[in-house]
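Next comes run-v8.cif, with mmCIF, C-alpha atoms and all ligand atoms.
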```cif
data_target
loop_
_atom_site.label_atom_id
_atom_site.label_comp_id
_atom_site.auth_asym_id
_atom_site.auth_seq_id
_atom_site.Cartn_x
_atom_site.Cartn_y
_atom_site.Cartn_z
CA MET V 1 172.57 78.93 116.49
CA ALA V 2 172.60 76.37 119.26
CA THR V 3 172.09 79.12 121.81
CA LEU V 4 169.10 80.44 119.90
CA ARG V 5 167.57 76.97 119.82
CA LEU V 6 168.08 76.65 123.55
CA VAL V 7 166.41 79.99 124.13
CA VAL V 8 163.43 78.93 121.99
CA MET V 9 163.24 75.61 123.83
CA ALA V 10 163.30 77.40 127.15
CA GLN V 11 160.50 79.66 126.01
CA ILE V 12 158.37 76.73 124.87
CA LEU V 13 158.95 74.93 128.17
CA ALA V 14 158.05 78.05 130.09
CA ALA V 15 154.87 78.44 128.05
CA LEU V 16 153.93 74.79 128.66
CA ALA V 17 154.60 75.12 132.36
CA ALA V 18 152.35 78.17 132.50
CA ALA V 19 149.60 76.56 130.40
CA PRO V 20 147.75 74.60 133.10
CA ALA V 21 147.27 77.71 135.18
CA ALA V 22 146.06 79.69 132.20
CA SER V 23 143.57 77.05 131.10
CA GLN V 24 142.16 76.25 134.52
CA GLY V 25 138.83 77.92 133.83
CA PRO V 26 136.35 76.00 131.70
CA PRO V 27 135.99 76.98 128.06
CA GLY V 28 133.69 79.93 127.52
CA ASP V 29 133.75 80.95 131.16
CA ASP V 30 132.58 84.53 130.64
CA ALA V 31 129.92 83.63 128.09
CA GLY V 32 128.75 80.90 130.43
CA ARG V 33 128.44 83.31 133.32
CA THR V 34 126.57 85.86 131.20
CA LEU V 35 124.10 83.21 130.06
CA PHE V 36 123.77 81.89 133.60
CA VAL V 37 122.88 85.30 135.01
CA GLN V 38 120.44 85.86 132.15
CA TYR V 39 118.60 82.53 132.28
CA CYS V 40 119.16 81.20 135.78
CA GLY V 41 119.90 84.15 138.03
CA ALA V 42 116.27 85.07 138.73
CA CYS V 43 115.79 81.84 140.64
CA HIS V 44 119.23 80.49 141.54
CA GLY V 45 120.78 83.91 142.19
CA GLU V 46 123.60 85.55 140.25
CA ASN V 47 126.16 83.43 142.10
CA GLY V 48 124.12 80.25 141.95
CA VAL V 49 123.57 79.89 145.69
CA GLY V 50 119.77 79.84 145.34
CA ASN V 51 118.84 83.38 146.34
CA GLY V 52 117.35 84.83 143.16
CA HIS V 53 114.63 87.45 143.38
CA LEU V 54 111.91 85.01 142.24
CA THR V 55 112.39 82.71 145.23
CA SER V 56 109.61 84.46 147.16
CA ILE V 57 106.99 83.41 144.61
CA LEU V 58 108.23 79.86 144.00
CA SER V 59 106.63 77.00 145.89
CA VAL V 60 109.67 74.76 145.34
CA GLN V 61 112.88 76.53 146.24
CA PRO V 62 115.75 76.52 143.75
CA VAL V 63 118.74 74.54 144.89
CA ASN V 64 122.14 75.95 145.75
CA LEU V 65 123.99 75.07 142.57
CA THR V 66 127.47 75.51 144.07
CA VAL V 67 127.20 72.42 146.29
CA LEU V 68 125.94 69.86 143.77
CA LYS V 69 129.34 68.18 143.49
CA LYS V 70 129.83 68.11 147.23
CA GLU V 71 126.36 66.71 147.88
CA ARG V 72 126.23 64.19 145.07
CA GLY V 73 129.75 62.89 145.29
CA SER V 74 130.40 60.19 142.73
CA GLU V 75 126.98 60.72 141.13
CA TYR V 76 128.06 64.18 140.05
CA SER V 77 129.40 64.49 136.52
CA LEU V 78 129.35 67.00 133.71
CA GLU V 79 127.02 64.72 131.82
CA THR V 80 124.40 64.36 134.56
CA LEU V 81 124.62 68.10 135.16
CA LEU V 82 124.08 68.80 131.46
CA ARG V 83 121.16 66.41 131.35
CA SER V 84 119.47 67.86 134.38
CA ILE V 85 119.77 71.39 133.00
CA ASP V 86 118.56 70.23 129.58
CA GLY V 87 115.61 68.60 131.35
CA ARG V 88 114.42 66.56 128.41
CA GLY V 89 115.75 63.27 129.73
CA PRO V 90 114.00 61.00 132.22
CA PHE V 91 114.69 62.76 135.51
CA PRO V 92 112.03 61.82 138.04
CA GLY V 93 113.05 64.69 140.32
CA HIS V 94 112.02 67.15 137.66
CA THR V 95 108.57 65.98 136.70
CA ASP V 96 106.70 68.41 138.94
CA SER V 97 109.43 70.96 138.94
CA GLU V 98 109.18 74.70 138.62
CA MET V 99 112.54 74.54 136.96
CA PRO V 100 112.08 75.26 133.25
CA VAL V 101 113.02 72.55 130.76
CA TRP V 102 115.92 74.45 129.23
CA GLY V 103 116.46 72.05 126.35
CA GLU V 104 113.00 73.04 125.12
CA VAL V 105 113.24 76.71 126.00
CA PHE V 106 116.46 77.14 123.99
CA LEU V 107 114.90 75.37 121.02
CA LYS V 108 111.69 77.43 120.98
CA ASP V 109 112.21 79.29 117.74
CA SER V 110 112.23 76.58 115.10
CA SER V 111 112.36 78.77 112.00
CA ALA V 112 115.97 77.67 111.42
CA PRO V 113 116.04 74.19 112.96
CA LEU V 114 119.69 73.32 112.44
CA GLU V 115 121.16 76.63 113.60
CA ASN V 116 118.76 76.54 116.46
CA GLN V 117 119.88 73.16 117.63
CA VAL V 118 123.50 74.22 117.44
CA GLU V 119 122.81 77.42 119.34
CA SER V 120 120.69 75.66 121.91
CA ALA V 121 123.30 72.93 122.47
CA GLY V 122 125.99 75.62 122.76
CA LYS V 123 124.05 77.50 125.41
CA LEU V 124 123.45 74.32 127.38
CA LEU V 125 127.14 73.44 127.23
CA LEU V 126 128.40 76.89 128.20
CA ILE V 127 126.00 77.08 131.12
CA THR V 128 126.91 73.54 132.20
CA TYR V 129 130.64 74.35 132.17
CA TYR V 130 129.92 77.48 134.13
CA VAL V 131 127.86 75.69 136.79
CA ASP V 132 130.64 73.09 137.03
CA SER V 133 133.18 75.89 137.53
CA ILE V 134 131.35 77.31 140.56
CA GLN V 135 131.32 74.01 142.51
CA LYS V 136 132.81 74.33 145.97
CA GLU V 137 135.23 71.60 146.95
C1 LIG Z 1 111.85 79.69 137.48
C2 LIG Z 1 112.92 79.39 138.39
C3 LIG Z 1 114.16 78.68 137.89
C4 LIG Z 1 115.00 79.08 136.89
C5 LIG Z 1 114.89 80.31 136.01
C6 LIG Z 1 116.06 78.09 136.85
N1 LIG Z 1 115.87 77.13 137.80
FE1 LIG Z 1 117.08 75.55 138.20
N2 LIG Z 1 115.80 74.94 139.65
C7 LIG Z 1 114.67 75.61 140.05
C8 LIG Z 1 114.03 74.90 141.16
C9 LIG Z 1 112.77 75.32 141.87
C10 LIG Z 1 114.85 73.79 141.42
C11 LIG Z 1 114.65 72.79 142.57
C12 LIG Z 1 114.51 71.40 142.22
C13 LIG Z 1 113.45 71.10 141.23
O1 LIG Z 1 112.38 71.71 141.22
O2 LIG Z 1 113.72 70.22 140.44
C14 LIG Z 1 115.95 73.84 140.43
C15 LIG Z 1 116.95 72.89 140.32
C16 LIG Z 1 118.05 72.99 139.50
C17 LIG Z 1 119.12 72.02 139.42
C18 LIG Z 1 119.22 70.72 140.21
C19 LIG Z 1 118.46 69.69 139.47
C20 LIG Z 1 118.64 68.34 140.06
O3 LIG Z 1 119.21 67.52 139.38
O4 LIG Z 1 118.19 68.15 141.18
C21 LIG Z 1 120.01 72.47 138.51
C22 LIG Z 1 121.32 71.80 138.07
C23 LIG Z 1 119.51 73.72 138.02
N3 LIG Z 1 118.31 74.00 138.63
C24 LIG Z 1 120.14 74.49 137.09
C25 LIG Z 1 119.58 75.62 136.50
C26 LIG Z 1 120.20 76.36 135.43
C27 LIG Z 1 121.56 76.06 134.86
C28 LIG Z 1 119.32 77.35 135.09
C29 LIG Z 1 119.46 78.33 133.95
C30 LIG Z 1 119.68 77.79 132.61
C31 LIG Z 1 118.19 77.25 135.98
N4 LIG Z 1 118.35 76.19 136.81
C32 LIG Z 1 117.13 78.13 135.97
C33 LIG Z 1 114.17 76.77 139.52
C34 LIG Z 1 114.72 77.46 138.47
#
```
Would you write out, as structure tokens, the structure that this file holds?
Amino acid sequence: MATLRLVVMAQILAALAAAPAASQGPPGDDAGRTLFVQYCGACHGENGVGNGHLTSILSVQPVNLTVLKKERGSEYSLETLLRSIDGRGPFPGHTDSEMPVWGEVFLKDSSAPLENQVESAGKLLLITYYVDSIQKE
């Protein structure tokens, strides 16, 4: 009996030790990437470096989204990233932007307001986690 308990303990410890590695990616990584490619890829490029196929017709060039953390240092956070993607907050840099206001785009269909808000917030979060996950150190 004691041996069995030890074996179980060892297994739990092994699982815990392995956990950080397994959970290193942000939640919803794949869904986030799929949404990113769908909504952002045309301008920011599939890998977020700013080389989407629409860049030739944009007067303001999309930024390289993989260096936001590096460039902004302590001003970078998940929250500011989320807010700048949402675009509905007071962000002076975005007033004349060609960057769509995603918070509004995701909410467009208001036939089911509550579900819509949940879905829209979910998309914003998944995309935000994804953009955070592609930051270069
Ligand atoms: C129609 C082209 C276009 C699309 C599509 C687009 N962006 Fe942008 N984005 C831009 C441009 C242009 C900028 C450059 C700065 C500006 O205009 O504010 C930018 C800037 C940004 C910034 C930096 C904002 C800041 O705080 O300076 C983030 C973050 C960003 N985009 C994320 C996204 C995400 C995430 C998506 C998809 C949900 C997306 N963009 C889709 C054009 C686009």
Which chain V residues have any atom within 9 Å of an atom of ligand LIG 1 (chain Z), and for each, what is the nearest pair of atoms with distance in Å to one decimal, counting all atoms listed in the file, rows sorted by chain and number, as a tab-separated table?
```
residue	atom	partner	partner_atom	distance
V:Leu35	CA	Z:LIG1	C30	7.4
V:Phe36	CA	Z:LIG1	C29	5.6
V:Val37	CA	Z:LIG1	C29	7.8
V:Gln38	CA	Z:LIG1	C29	7.8
V:Tyr39	CA	Z:LIG1	C29	4.6
V:Cys40	CA	Z:LIG1	C29	3.4
V:Gly41	CA	Z:LIG1	C5	6.6
V:Ala42	CA	Z:LIG1	C5	5.7
V:Cys43	CA	Z:LIG1	C2	4.4
V:His44	CA	Z:LIG1	N1	6.0
V:Gly48	CA	Z:LIG1	C25	8.5
V:Gly50	CA	Z:LIG1	C7	8.5
V:Gly52	CA	Z:LIG1	C2	8.5
V:Leu54	CA	Z:LIG1	C2	6.9
V:Thr55	CA	Z:LIG1	C2	7.6
V:Leu58	CA	Z:LIG1	C9	6.8
V:Ser59	CA	Z:LIG1	C9	7.5
V:Val60	CA	Z:LIG1	C9	4.7
V:Gln61	CA	Z:LIG1	C9	4.5
V:Pro62	CA	Z:LIG1	C8	3.5
V:Val63	CA	Z:LIG1	C11	5.0
V:Asn64	CA	Z:LIG1	C16	8.0
V:Leu65	CA	Z:LIG1	C22	6.2
V:Leu68	CA	Z:LIG1	C22	7.6
V:Thr80	CA	Z:LIG1	O3	7.8
V:Leu81	CA	Z:LIG1	C22	5.7
V:Leu82	CA	Z:LIG1	C22	7.8
V:Arg83	CA	Z:LIG1	O3	8.3
V:Ser84	CA	Z:LIG1	O3	5.0
V:Ile85	CA	Z:LIG1	C24	5.1
V:Asp86	CA	Z:LIG1	C30	8.2
V:Gly87	CA	Z:LIG1	C19	8.7
V:Phe91	CA	Z:LIG1	O3	7.6
V:Pro92	CA	Z:LIG1	O2	8.9
V:Gly93	CA	Z:LIG1	O2	5.6
V:His94	CA	Z:LIG1	O2	4.5
V:Thr95	CA	Z:LIG1	O2	7.6
V:Asp96	CA	Z:LIG1	O1	7.0
V:Ser97	CA	Z:LIG1	O1	3.8
V:Glu98	CA	Z:LIG1	C9	4.9
V:Met99	CA	Z:LIG1	C33	3.8
V:Pro100	CA	Z:LIG1	C4	6.0
V:Val101	CA	Z:LIG1	C32	8.7
V:Trp102	CA	Z:LIG1	C30	6.1
V:Lys123	CA	Z:LIG1	C30	8.4
V:Leu124	CA	Z:LIG1	C30	7.3
V:Ile127	CA	Z:LIG1	C27	5.9
V:Thr128	CA	Z:LIG1	C27	6.5
V:Tyr130	CA	Z:LIG1	C27	8.5
V:Val131	CA	Z:LIG1	C27	6.6
```
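You will find CA of Leu125 in chain V at 17.0 Å from CA of Thr66 in chain V.
Here CA of Ser77 in chain V is placed at a distance of 17.5 Å from CA of Ala121 in chain V.
Distance check against Glu119 in chain V using all atoms listed in the file: of V:Ile134, V:Val67, V:Gly103, V:Glu79, the minimum falls on V:Gly103.
The gap separating CA of Phe106 in chain V from CA of Ser120 in chain V is 4.9 Å, in Å to one decimal.
Of the residues under consideration (V:Arg72, V:Gln135, V:Leu107, V:Asn47), V:Leu107 shows the shortest atom-to-atom contact distance to Gly122 in chain V when counting all atoms listed in the file.
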Enclose range 66-70 of chain V, meaning all of its atoms listed in the file, in a box aligned along x, y and z, pad it by 8 Å on each side, and list the centre and edge lengths in Å to one decimal, as lines of an AutoDock Vina configuration file.
```
center_x = 127.9
center_y = 71.8
center_z = 145.4
size_x = 19.9
size_y = 23.4
size_z = 19.7
```
